[in-house]
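Visitor: Pasting a structure below so you can have a look.
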Amino acid sequence: MKRLLNNSVALFVVMIVLLLIIPLSPFLLDVMIIINISISLIILLISMSIRSPLEFSIFPSLLLITTLFRLGINVSSTRNILMHQGEAGAVIKAFGDFVLQGNAVVGFIIFIIILLVQFIVINKGAERVAEVAARFTLDAMPGKQMAVDADLSSGLITEAQARKRRSDIQREADFYGAMDGATKIVKGDAIMSLLITIVNLVGGSAIGMLSFGMEFSEVLTVYSIATIGDGLVSQIPALLISTATGMIVTRSVSEGSLNEDVSHQFLAQPRAIMIAGLVLLVLLFVPGMPKPQLLILGAGLLFAGFRLSQRMTEMAEHAEKEEAKAQEAGAEQEASPDDYYRDIRNVYSLIGVEPVEMEFGYSLIPLVDEASGGKMMNRIIIFRRQYAQEMGLVIPSIRLRDSAALNTNQYRIKIRGEEVARGEILVDYYLALEPSEPSGEIDGIETIEPAYGIPSKWILPENKEMAEIYGYTVIDPLSVMVTHLSETVRRHAYELLSRQETVQLAESLKKTAPELAEDSIPGTVSYSLLQKILVSLLKEDIPIKDLETIVETASDCVTSGADFHNTVEHVRSALKRTITRKFCHDGQMSVMTLDADLERMMVENLVKGDSGVQISLNPDTVQNMINQLGTEMKKFSDLSREPILLTSQVLRFYVHQLLEPVFPDLSVLAFQEVTNNIQIQVVANITP
């Protein structure tokens, strides 16, 4: 029985096709006509009750099914009219008598009017609305997707909610696309109804006179009643469906099967079902209508709608009770927090930090709040996409919130719950970065650009053009804040690569290189080792996008017994093209090198201690090297290049370890990490 119900729609469609072939008795034809009117009524009432097209997303499919059903009834009724001297059931006769009132011409005119109203007014308008809605919905998709990403980035919604919203946006676009085509079906149905009416009238009259020997007046009376009645019982449901089409296109596609969605969405509207049943019972008072069929179907719909309404009321009452209990529990918790936290499991709700947070003072809220025109969310989305494409790491959601602990113009950036950067913004000013040799002075408030530490000035908007003429780089307040956030996240990206994210990266590798992933992870290269390797690369700003090369090289190193540091160095060598591309400019790389005597001295002074192998040089030698590096790195600033120190692969890690506390922005590369097709320009040679 359950299987039969699950496939009821499929069986119904098969039955419709059979209507085109198998003759129906007048009694069964009456039942089919009444069912057609009932379904059309329910669809119209549901289309008036829903708040969103997604609540009735099966409508395009229903439109096709109901049109086919109506045409099947038309074919059956035409067969009966032509074969049985106009006898096509009580419903058709009742409609014909009721409308004609003894005047065939008036009845035919009424039928034509109804047909034209449906075809020209309702269907034509619905077709145009569906076409425009489909185009506008498709055009609005990118903006809606960006809004979802913005809400996700700001922490307003969860990942699951974001997935559902994206799915709804896609389903809505698919729905309106389907509706644009479905309206053409209604248009064709109206034309077909007119043709069938002409066939019934002309063909019936000819058959009546030629085959049955009927007089012309008798033929006109009999076949006009049958024709007009048949046309009305066809066009009234068609008119209801056309009206529903017009309503629904002015307000997407379902996730379940058609059978499931029909059952769920129809049963969720008990009021529509009851009204349809009531209308059927009212039709009992129309003279000549088949009372048994109307009574049974009308009473059945009323009873079904009443039972569904009762069940929904019970569910609502149950939900209210549960909500009341939850509110009471919340009130008890608020009234007595000590009692609530007496249960140690409840204390865990206080634990947890956001990967990245940005807090704002009151004056900066307009830059962030989308309702006030703030573009912060969109800029974060762009940064996340660019960083993922460049580095191969997806930055997690960034929580944005206001804070009363900050001054009105201040903001601060937190990583794992702790502050790592802070800045101050003047919302109504522009930040002008001072060039090395400005052409002129500009009035403004002296400050330091927060991301790169460049001397700057906050200037008034009216001085913006003059500052650009003098050679200043002028930045709007939002760009200052976004740049500071992006650079801070870049510097701390290695802290954001959690074990969970590492597993996620490994899962994505299984899709592109399944054999490698299956052979290496987590057997040869454990998730812990992979995370350490990726963190080590990110810490020195090396992209991890080529995960296949990283895992393959690491697997070979682990198999050969290499330690962690040697494994990382071999991985870096395997990524030489990526590293060269990142630090090379126009086929040239400007570097500093270590003198051969200094490198030999470092190798001789590699000492293994409790914290691992380190370079143990004379303090004077170290200080001399630091002084030289500090002086030479200024040349890189003049060249607008990143400072790079090139050394041997054996020493690279230990030199970086030695110099990182003093020069965090100095990139230490090995000769093996640079490809042979570029020109290396040695800016300086560091001597002992």
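Residue numbering restarts at 1 for every chain of the structure tokens, chains are lettered A, B, ... in their displayed order, and ligands are numbered from 1 as they appear.
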Tell me, as a count of residues only, which residues lie within 10 Å of Gln269 in chain A, counting only C-alpha atoms; anything in the same chain fewer than 4 positions away does not count.
Guide: 13
Visitor: I need the residues in range 471-602 of chain A that are alpha helix (DSSP H) according to DSSP; give them as an MDAnalysis selection string.
Guide: chainID A and resid 477:491 493:496 499:512 514:520 527:539 547:559 564:574 576:583 596:602
Visitor: Would you please work out which residue, of A:Tyr654, A:Ser611, A:Pro661, A:Val233, is nearest to Ile114 in chain A when using only C-alpha atoms?
Guide: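 The answer is A:Val233, which sits nearest to Ile114 in chain A.
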Visitor: Between A:Arg422, A:Thr559, A:Ala405, A:Tyr387, which has the minimum distance to Ala493 in chain A (counting only C-alpha atoms)?
Guide: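 So, comparing all the options, the nearest one is A:Tyr387.
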Visitor: Which polymer residues have any atom within 10 Å of an atom of Glu359 in chain A, counting only C-alpha atoms, with same-chain residues fewer than 4 positions away left out, as an mmCIF file with all heavy atoms, in the first residue's frame?
Guide:
data_model
loop_
_atom_site.group_PDB
_atom_site.id
_atom_site.type_symbol
_atom_site.label_atom_id
_atom_site.label_comp_id
_atom_site.auth_asym_id
_atom_site.auth_seq_id
_atom_site.Cartn_x
_atom_site.Cartn_y
_atom_site.Cartn_z
ATOM 1 N N LEU A 364 33.164 53.067 13.283
ATOM 2 C CA LEU A 364 33.548 52.260 12.119
ATOM 3 C C LEU A 364 32.455 51.306 11.673
ATOM 4 O O LEU A 364 32.602 50.627 10.649
ATOM 5 C CB LEU A 364 34.824 51.461 12.431
ATOM 6 C CG LEU A 364 36.032 52.268 12.919
ATOM 7 C CD1 LEU A 364 37.235 51.358 13.082
ATOM 8 C CD2 LEU A 364 36.351 53.398 11.955
ATOM 9 N N ILE A 365 31.355 51.245 12.421
ATOM 10 C CA ILE A 365 30.275 50.309 12.078
ATOM 11 C C ILE A 365 29.716 50.548 10.673
ATOM 12 O O ILE A 365 29.454 49.598 9.937
ATOM 13 C CB ILE A 365 29.158 50.365 13.141
ATOM 14 C CG1 ILE A 365 29.677 49.808 14.477
ATOM 15 C CG2 ILE A 365 27.925 49.590 12.688
ATOM 16 C CD1 ILE A 365 28.678 49.868 15.609
ATOM 17 N N ARG A 399 34.936 36.602 12.064
ATOM 18 C CA ARG A 399 33.860 37.158 12.888
ATOM 19 C C ARG A 399 34.039 38.661 13.022
ATOM 20 O O ARG A 399 35.090 39.142 13.455
ATOM 21 C CB ARG A 399 33.877 36.501 14.264
ATOM 22 C CG ARG A 399 32.894 37.086 15.266
ATOM 23 C CD ARG A 399 31.486 36.617 14.987
ATOM 24 N NE ARG A 399 31.328 35.213 15.307
ATOM 25 C CZ ARG A 399 30.185 34.558 15.214
ATOM 26 N NH1 ARG A 399 29.101 35.187 14.799
ATOM 27 N NH2 ARG A 399 30.109 33.270 15.503
ATOM 28 N N LEU A 400 33.033 39.420 12.612
ATOM 29 C CA LEU A 400 33.048 40.870 12.717
ATOM 30 C C LEU A 400 32.060 41.293 13.790
ATOM 31 O O LEU A 400 30.908 40.869 13.762
ATOM 32 C CB LEU A 400 32.672 41.508 11.372
ATOM 33 C CG LEU A 400 33.505 41.079 10.147
ATOM 34 C CD1 LEU A 400 32.951 41.734 8.898
ATOM 35 C CD2 LEU A 400 34.960 41.431 10.334
ATOM 36 N N ARG A 401 32.504 42.122 14.708
ATOM 37 C CA ARG A 401 31.600 42.558 15.788
ATOM 38 C C ARG A 401 32.051 43.914 16.329
ATOM 39 O O ARG A 401 33.230 44.266 16.239
ATOM 40 C CB ARG A 401 31.581 41.526 16.913
ATOM 41 C CG ARG A 401 32.921 41.299 17.598
ATOM 42 C CD ARG A 401 32.805 40.286 18.732
ATOM 43 N NE ARG A 401 32.583 38.950 18.208
ATOM 44 C CZ ARG A 401 32.478 37.867 18.978
ATOM 45 N NH1 ARG A 401 32.553 37.975 20.284
ATOM 46 N NH2 ARG A 401 32.300 36.681 18.445
ATOM 47 N N ASP A 402 31.106 44.648 16.892
ATOM 48 C CA ASP A 402 31.468 45.911 17.521
ATOM 49 C C ASP A 402 31.897 45.649 18.962
ATOM 50 O O ASP A 402 31.567 44.620 19.537
ATOM 51 C CB ASP A 402 30.297 46.891 17.473
ATOM 52 C CG ASP A 402 29.063 46.351 18.187
ATOM 53 O OD1 ASP A 402 28.955 45.122 18.313
ATOM 54 O OD2 ASP A 402 28.223 47.151 18.606
ATOM 55 N N SER A 403 32.650 46.599 19.523
ATOM 56 C CA SER A 403 33.173 46.419 20.881
ATOM 57 C C SER A 403 33.160 47.760 21.604
ATOM 58 O O SER A 403 33.710 48.755 21.120
ATOM 59 C CB SER A 403 34.596 45.857 20.834
ATOM 60 O OG SER A 403 35.167 45.807 22.128
ATOM 61 N N ALA A 404 32.552 47.756 22.789
ATOM 62 C CA ALA A 404 32.513 48.968 23.611
ATOM 63 C C ALA A 404 33.852 49.225 24.288
ATOM 64 O O ALA A 404 34.101 50.320 24.794
ATOM 65 C CB ALA A 404 31.411 48.839 24.673
ATOM 66 N N ALA A 405 34.747 48.210 24.291
ATOM 67 C CA ALA A 405 36.048 48.362 24.942
ATOM 68 C C ALA A 405 37.018 49.186 24.100
ATOM 69 O O ALA A 405 38.080 49.579 24.577
ATOM 70 C CB ALA A 405 36.649 46.982 25.224
ATOM 71 N N LEU A 406 36.677 49.443 22.834
ATOM 72 C CA LEU A 406 37.552 50.198 21.940
ATOM 73 C C LEU A 406 37.093 51.641 21.821
ATOM 74 O O LEU A 406 35.910 51.945 22.012
ATOM 75 C CB LEU A 406 37.562 49.559 20.547
ATOM 76 C CG LEU A 406 38.130 48.142 20.433
ATOM 77 C CD1 LEU A 406 37.894 47.607 19.027
ATOM 78 C CD2 LEU A 406 39.609 48.114 20.774
ATOM 79 N N GLN A 410 38.743 53.037 16.669
ATOM 80 C CA GLN A 410 39.718 51.955 16.714
ATOM 81 C C GLN A 410 39.133 50.625 16.238
ATOM 82 O O GLN A 410 37.919 50.415 16.247
ATOM 83 C CB GLN A 410 40.248 51.775 18.144
ATOM 84 C CG GLN A 410 41.257 52.823 18.574
ATOM 85 C CD GLN A 410 41.844 52.505 19.944
ATOM 86 O OE1 GLN A 410 41.197 51.891 20.789
ATOM 87 N NE2 GLN A 410 43.073 52.937 20.167
ATOM 88 N N TYR A 411 40.031 49.746 15.839
ATOM 89 C CA TYR A 411 39.670 48.352 15.552
ATOM 90 C C TYR A 411 40.842 47.476 15.979
ATOM 91 O O TYR A 411 41.981 47.950 16.123
ATOM 92 C CB TYR A 411 39.379 48.153 14.058
ATOM 93 C CG TYR A 411 40.565 48.355 13.159
ATOM 94 C CD1 TYR A 411 41.453 47.311 12.859
ATOM 95 C CD2 TYR A 411 40.821 49.603 12.597
ATOM 96 C CE1 TYR A 411 42.545 47.505 12.042
ATOM 97 C CE2 TYR A 411 41.917 49.804 11.776
ATOM 98 C CZ TYR A 411 42.781 48.757 11.500
ATOM 99 O OH TYR A 411 43.862 48.948 10.697
ATOM 100 N N ARG A 412 40.550 46.210 16.214
ATOM 101 C CA ARG A 412 41.628 45.271 16.544
ATOM 102 C C ARG A 412 41.331 43.919 15.910
ATOM 103 O O ARG A 412 40.174 43.560 15.692
ATOM 104 C CB ARG A 412 41.800 45.125 18.054
ATOM 105 C CG ARG A 412 40.605 44.574 18.802
ATOM 106 C CD ARG A 412 40.885 44.552 20.294
ATOM 107 N NE ARG A 412 39.700 44.166 21.074
ATOM 108 C CZ ARG A 412 39.616 44.250 22.396
ATOM 109 N NH1 ARG A 412 40.645 44.712 23.091
ATOM 110 N NH2 ARG A 412 38.526 43.881 23.034
ATOM 111 N N ILE A 413 42.393 43.200 15.617
ATOM 112 C CA ILE A 413 42.302 41.904 14.952
ATOM 113 C C ILE A 413 42.807 40.841 15.915
ATOM 114 O O ILE A 413 43.878 40.998 16.519
ATOM 115 C CB ILE A 413 43.132 41.897 13.654
ATOM 116 C CG1 ILE A 413 42.686 43.042 12.740
ATOM 117 C CG2 ILE A 413 43.009 40.554 12.943
ATOM 118 C CD1 ILE A 413 43.632 43.311 11.596
ATOM 119 N N LYS A 414 42.012 39.778 16.056
ATOM 120 C CA LYS A 414 42.371 38.690 16.964
ATOM 121 C C LYS A 414 42.560 37.396 16.180
ATOM 122 O O LYS A 414 41.800 37.111 15.247
ATOM 123 C CB LYS A 414 41.280 38.477 18.017
ATOM 124 C CG LYS A 414 41.134 39.606 19.021
ATOM 125 C CD LYS A 414 40.055 39.263 20.050
ATOM 126 C CE LYS A 414 39.928 40.328 21.125
ATOM 127 N NZ LYS A 414 38.893 39.960 22.127
ATOM 128 N N GLU A 419 44.601 39.254 20.696
ATOM 129 C CA GLU A 419 44.870 40.384 19.818
ATOM 130 C C GLU A 419 46.258 40.281 19.204
ATOM 131 O O GLU A 419 47.250 40.046 19.898
ATOM 132 C CB GLU A 419 44.742 41.687 20.606
ATOM 133 C CG GLU A 419 44.971 42.928 19.754
ATOM 134 C CD GLU A 419 44.836 44.220 20.548
ATOM 135 O OE1 GLU A 419 44.107 44.227 21.559
ATOM 136 O OE2 GLU A 419 45.478 45.212 20.149
ATOM 137 N N ARG A 422 46.288 46.081 15.838
ATOM 138 C CA ARG A 422 45.326 47.132 16.203
ATOM 139 C C ARG A 422 45.564 48.334 15.300
ATOM 140 O O ARG A 422 46.688 48.577 14.850
ATOM 141 C CB ARG A 422 45.496 47.497 17.672
ATOM 142 C CG ARG A 422 44.555 48.586 18.183
ATOM 143 C CD ARG A 422 44.911 48.963 19.608
ATOM 144 N NE ARG A 422 44.564 47.908 20.547
ATOM 145 C CZ ARG A 422 43.582 47.992 21.440
ATOM 146 N NH1 ARG A 422 42.859 49.110 21.511
ATOM 147 N NH2 ARG A 422 43.338 47.007 22.270
#
Visitor: So how many Å separate CA of Ile380 in chain A and CA of Ser667 in chain A, to one decimal?
Guide: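 Computing the Euclidean distance for CA of Ile380 in chain A and CA of Ser667 in chain A yields 26.7 Å.
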Visitor: Residues within 7 Å of range 670-679 of chain A, please, as a ChimeraX atom specification. Count only C-alpha atoms; anything in the same chain fewer than 3 positions from it doesn't count.
Guide: /A:572-573,576-577,579-580,587-589,646-649,652
Visitor: I'd like the interatomic distance between CA of Gly229 in chain A and CA of Ala244 in chain A, to a tenth of an Å.
Guide: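 So the answer is 22.9 Å.
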Visitor: Between A:Pro270, A:Leu116, A:Ile16, A:Ile469, which one has atoms that come closest to Thr313 in chain A, using only C-alpha atoms?
Guide: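 Among A:Pro270, A:Leu116, A:Ile16, A:Ile469, it is A:Pro270 that comes nearest to Thr313 in chain A.
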Visitor: Pick out the closest residue to Arg271 in chain A from this set: A:Val356, A:Met48, A:Met376, A:Ala238. Count only C-alpha atoms.
Guide: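 Nearest to Arg271 in chain A: A:Met48.
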Visitor: What's the 12 Å shell around Lys291 in chain A, counting only C-alpha atoms, without same-chain residues fewer than 4 positions away, as number ranges by chain?
Guide: A: 27, 30-31, 34, 90-91, 94, 280-287, 295-299
Visitor: Any chance you can output those residues with N, CA, C and O atoms as an mmCIF file, in the first residue's frame?
Guide:
data_model
loop_
_atom_site.group_PDB
_atom_site.id
_atom_site.type_symbol
_atom_site.label_atom_id
_atom_site.label_comp_id
_atom_site.auth_asym_id
_atom_site.auth_seq_id
_atom_site.Cartn_x
_atom_site.Cartn_y
_atom_site.Cartn_z
ATOM 1 N N PHE A 27 -20.512 7.915 -16.644
ATOM 2 C CA PHE A 27 -20.340 7.992 -15.186
ATOM 3 C C PHE A 27 -18.879 8.271 -14.828
ATOM 4 O O PHE A 27 -18.563 9.168 -14.036
ATOM 5 N N ASP A 30 -17.800 11.739 -15.730
ATOM 6 C CA ASP A 30 -18.229 12.720 -14.720
ATOM 7 C C ASP A 30 -17.242 12.774 -13.560
ATOM 8 O O ASP A 30 -16.888 13.852 -13.059
ATOM 9 N N VAL A 31 -16.794 11.579 -13.115
ATOM 10 C CA VAL A 31 -15.832 11.523 -12.001
ATOM 11 C C VAL A 31 -14.539 12.238 -12.380
ATOM 12 O O VAL A 31 -13.989 13.028 -11.603
ATOM 13 N N ILE A 34 -15.003 16.051 -12.427
ATOM 14 C CA ILE A 34 -15.076 16.604 -11.058
ATOM 15 C C ILE A 34 -13.698 16.613 -10.412
ATOM 16 O O ILE A 34 -13.308 17.573 -9.735
ATOM 17 N N ALA A 90 -23.376 13.666 -17.214
ATOM 18 C CA ALA A 90 -24.274 14.632 -16.583
ATOM 19 C C ALA A 90 -23.626 15.988 -16.363
ATOM 20 O O ALA A 90 -24.290 17.025 -16.436
ATOM 21 N N VAL A 91 -22.325 16.008 -16.066
ATOM 22 C CA VAL A 91 -21.655 17.285 -15.783
ATOM 23 C C VAL A 91 -21.659 18.171 -17.022
ATOM 24 O O VAL A 91 -22.000 19.354 -16.968
ATOM 25 N N ALA A 94 -25.164 19.342 -17.711
ATOM 26 C CA ALA A 94 -25.600 20.348 -16.736
ATOM 27 C C ALA A 94 -24.967 21.702 -17.027
ATOM 28 O O ALA A 94 -25.633 22.746 -16.990
ATOM 29 N N LEU A 280 -17.423 21.927 -3.889
ATOM 30 C CA LEU A 280 -18.059 20.778 -4.531
ATOM 31 C C LEU A 280 -19.449 20.517 -3.958
ATOM 32 O O LEU A 280 -20.389 20.165 -4.679
ATOM 33 N N LEU A 281 -19.588 20.697 -2.643
ATOM 34 C CA LEU A 281 -20.899 20.496 -2.018
ATOM 35 C C LEU A 281 -21.888 21.571 -2.463
ATOM 36 O O LEU A 281 -23.088 21.303 -2.615
ATOM 37 N N VAL A 282 -21.395 22.799 -2.676
ATOM 38 C CA VAL A 282 -22.274 23.861 -3.157
ATOM 39 C C VAL A 282 -22.791 23.539 -4.557
ATOM 40 O O VAL A 282 -23.943 23.854 -4.908
ATOM 41 N N LEU A 283 -21.958 22.859 -5.365
ATOM 42 C CA LEU A 283 -22.370 22.493 -6.723
ATOM 43 C C LEU A 283 -23.532 21.499 -6.739
ATOM 44 O O LEU A 283 -24.152 21.287 -7.781
ATOM 45 N N LEU A 284 -23.838 20.888 -5.583
ATOM 46 C CA LEU A 284 -24.991 19.984 -5.500
ATOM 47 C C LEU A 284 -26.299 20.715 -5.821
ATOM 48 O O LEU A 284 -27.282 20.102 -6.266
ATOM 49 N N PHE A 285 -26.286 22.040 -5.556
ATOM 50 C CA PHE A 285 -27.518 22.804 -5.758
ATOM 51 C C PHE A 285 -27.700 23.250 -7.213
ATOM 52 O O PHE A 285 -28.704 23.865 -7.552
ATOM 53 N N VAL A 286 -26.707 22.994 -8.068
ATOM 54 C CA VAL A 286 -26.862 23.309 -9.488
ATOM 55 C C VAL A 286 -27.729 22.228 -10.120
ATOM 56 O O VAL A 286 -27.417 21.035 -9.996
ATOM 57 N N PRO A 287 -28.811 22.614 -10.779
ATOM 58 C CA PRO A 287 -29.717 21.606 -11.354
ATOM 59 C C PRO A 287 -28.999 20.699 -12.353
ATOM 60 O O PRO A 287 -28.255 21.169 -13.211
ATOM 61 N N LEU A 295 -21.175 14.659 -3.881
ATOM 62 C CA LEU A 295 -21.309 14.460 -2.432
ATOM 63 C C LEU A 295 -20.134 13.662 -1.882
ATOM 64 O O LEU A 295 -19.547 14.016 -0.843
ATOM 65 N N ILE A 296 -19.778 12.580 -2.572
ATOM 66 C CA ILE A 296 -18.682 11.728 -2.087
ATOM 67 C C ILE A 296 -17.355 12.487 -2.085
ATOM 68 O O ILE A 296 -16.625 12.515 -1.083
ATOM 69 N N LEU A 297 -17.024 13.125 -3.235
ATOM 70 C CA LEU A 297 -15.737 13.824 -3.325
ATOM 71 C C LEU A 297 -15.691 15.052 -2.419
ATOM 72 O O LEU A 297 -14.676 15.313 -1.761
ATOM 73 N N GLY A 298 -16.791 15.816 -2.378
ATOM 74 C CA GLY A 298 -16.816 17.004 -1.522
ATOM 75 C C GLY A 298 -16.673 16.655 -0.055
ATOM 76 O O GLY A 298 -15.888 17.266 0.678
ATOM 77 N N ALA A 299 -17.451 15.642 0.395
ATOM 78 C CA ALA A 299 -17.363 15.225 1.803
ATOM 79 C C ALA A 299 -15.987 14.660 2.115
ATOM 80 O O ALA A 299 -15.426 14.895 3.202
#
Visitor: Nearest to Ser590 in chain A: which of A:Ser242, A:Gln681, A:Asn407, A:Ser439 is it, counting only C-alpha atoms?
Guide: A:Gln681
Visitor: Measuring between only C-alpha atoms, which one of A:Val17, A:Ile35, A:Val368, A:Ile395 shows the shortest distance to Ala276 in chain A?
Guide: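 Among the listed residues, A:Ile35 lies closest to Ala276 in chain A.
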Visitor: For CA of Ala432 in chain A and CA of Glu632 in chain A, determine how far apart the two atoms are, in Å to one decimal place.
Guide: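 So the answer is 27.4 Å.
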Visitor: Need to verify the contact set: range 495-500 of chain A, 8 Å, only C-alpha atoms, exclusion of same-chain residues closer than 6 positions in sequence. Can you return it as a PyMOL selection string?
Guide: chain A and resi 355+393+395-396+527-528+531+535
Visitor: Quick one: residues within 8 Å of range 615-617 of chain A, only C-alpha atoms, excluding same-chain residues fewer than 4 positions away - as a list of chain:residue names?
Guide: A:Met602, A:Val603, A:Asn605, A:Leu606, A:Val607, A:Thr621, A:Val622, A:Tyr654, A:Val655, A:Leu658
Visitor: Write out the residues from the selection above, keeping N, CA, C and O atoms, as a PDB file, in the first residue's frame.
Guide:
ATOM      1  N   MET A 602      79.628  28.640   9.471  1.00  0.00           N
ATOM      2  CA  MET A 602      78.331  28.214  10.003  1.00  0.00           C
ATOM      3  C   MET A 602      78.211  26.691  10.032  1.00  0.00           C
ATOM      4  O   MET A 602      77.706  26.110  10.994  1.00  0.00           O
ATOM      5  N   VAL A 603      78.680  26.046   8.970  1.00  0.00           N
ATOM      6  CA  VAL A 603      78.610  24.582   8.922  1.00  0.00           C
ATOM      7  C   VAL A 603      79.444  23.973  10.045  1.00  0.00           C
ATOM      8  O   VAL A 603      79.039  22.999  10.701  1.00  0.00           O
ATOM      9  N   ASN A 605      80.009  25.242  12.841  1.00  0.00           N
ATOM     10  CA  ASN A 605      79.461  25.575  14.167  1.00  0.00           C
ATOM     11  C   ASN A 605      78.009  25.129  14.334  1.00  0.00           C
ATOM     12  O   ASN A 605      77.270  25.704  15.130  1.00  0.00           O
ATOM     13  N   LEU A 606      77.583  24.119  13.574  1.00  0.00           N
ATOM     14  CA  LEU A 606      76.265  23.520  13.799  1.00  0.00           C
ATOM     15  C   LEU A 606      76.344  22.629  15.029  1.00  0.00           C
ATOM     16  O   LEU A 606      77.111  21.664  15.065  1.00  0.00           O
ATOM     17  N   VAL A 607      75.586  22.986  16.043  1.00  0.00           N
ATOM     18  CA  VAL A 607      75.643  22.288  17.325  1.00  0.00           C
ATOM     19  C   VAL A 607      74.274  21.721  17.648  1.00  0.00           C
ATOM     20  O   VAL A 607      73.250  22.406  17.516  1.00  0.00           O
ATOM     21  N   THR A 621      80.379  37.987  15.568  1.00  0.00           N
ATOM     22  CA  THR A 621      80.148  37.599  14.169  1.00  0.00           C
ATOM     23  C   THR A 621      78.669  37.733  13.821  1.00  0.00           C
ATOM     24  O   THR A 621      78.299  38.225  12.749  1.00  0.00           O
ATOM     25  N   VAL A 622      77.824  37.277  14.747  1.00  0.00           N
ATOM     26  CA  VAL A 622      76.378  37.368  14.520  1.00  0.00           C
ATOM     27  C   VAL A 622      75.949  38.826  14.417  1.00  0.00           C
ATOM     28  O   VAL A 622      75.169  39.200  13.528  1.00  0.00           O
ATOM     29  N   TYR A 654      68.621  26.549   9.131  1.00  0.00           N
ATOM     30  CA  TYR A 654      69.276  27.049  10.345  1.00  0.00           C
ATOM     31  C   TYR A 654      69.552  28.543  10.244  1.00  0.00           C
ATOM     32  O   TYR A 654      69.473  29.261  11.253  1.00  0.00           O
ATOM     33  N   VAL A 655      69.852  29.039   9.040  1.00  0.00           N
ATOM     34  CA  VAL A 655      70.031  30.482   8.855  1.00  0.00           C
ATOM     35  C   VAL A 655      68.699  31.210   9.078  1.00  0.00           C
ATOM     36  O   VAL A 655      68.652  32.261   9.731  1.00  0.00           O
ATOM     37  N   LEU A 658      68.028  31.385  12.686  1.00  0.00           N
ATOM     38  CA  LEU A 658      68.880  32.363  13.363  1.00  0.00           C
ATOM     39  C   LEU A 658      68.402  33.791  13.140  1.00  0.00           C
ATOM     40  O   LEU A 658      68.421  34.623  14.057  1.00  0.00           O
TER      41      LEU A 658
END
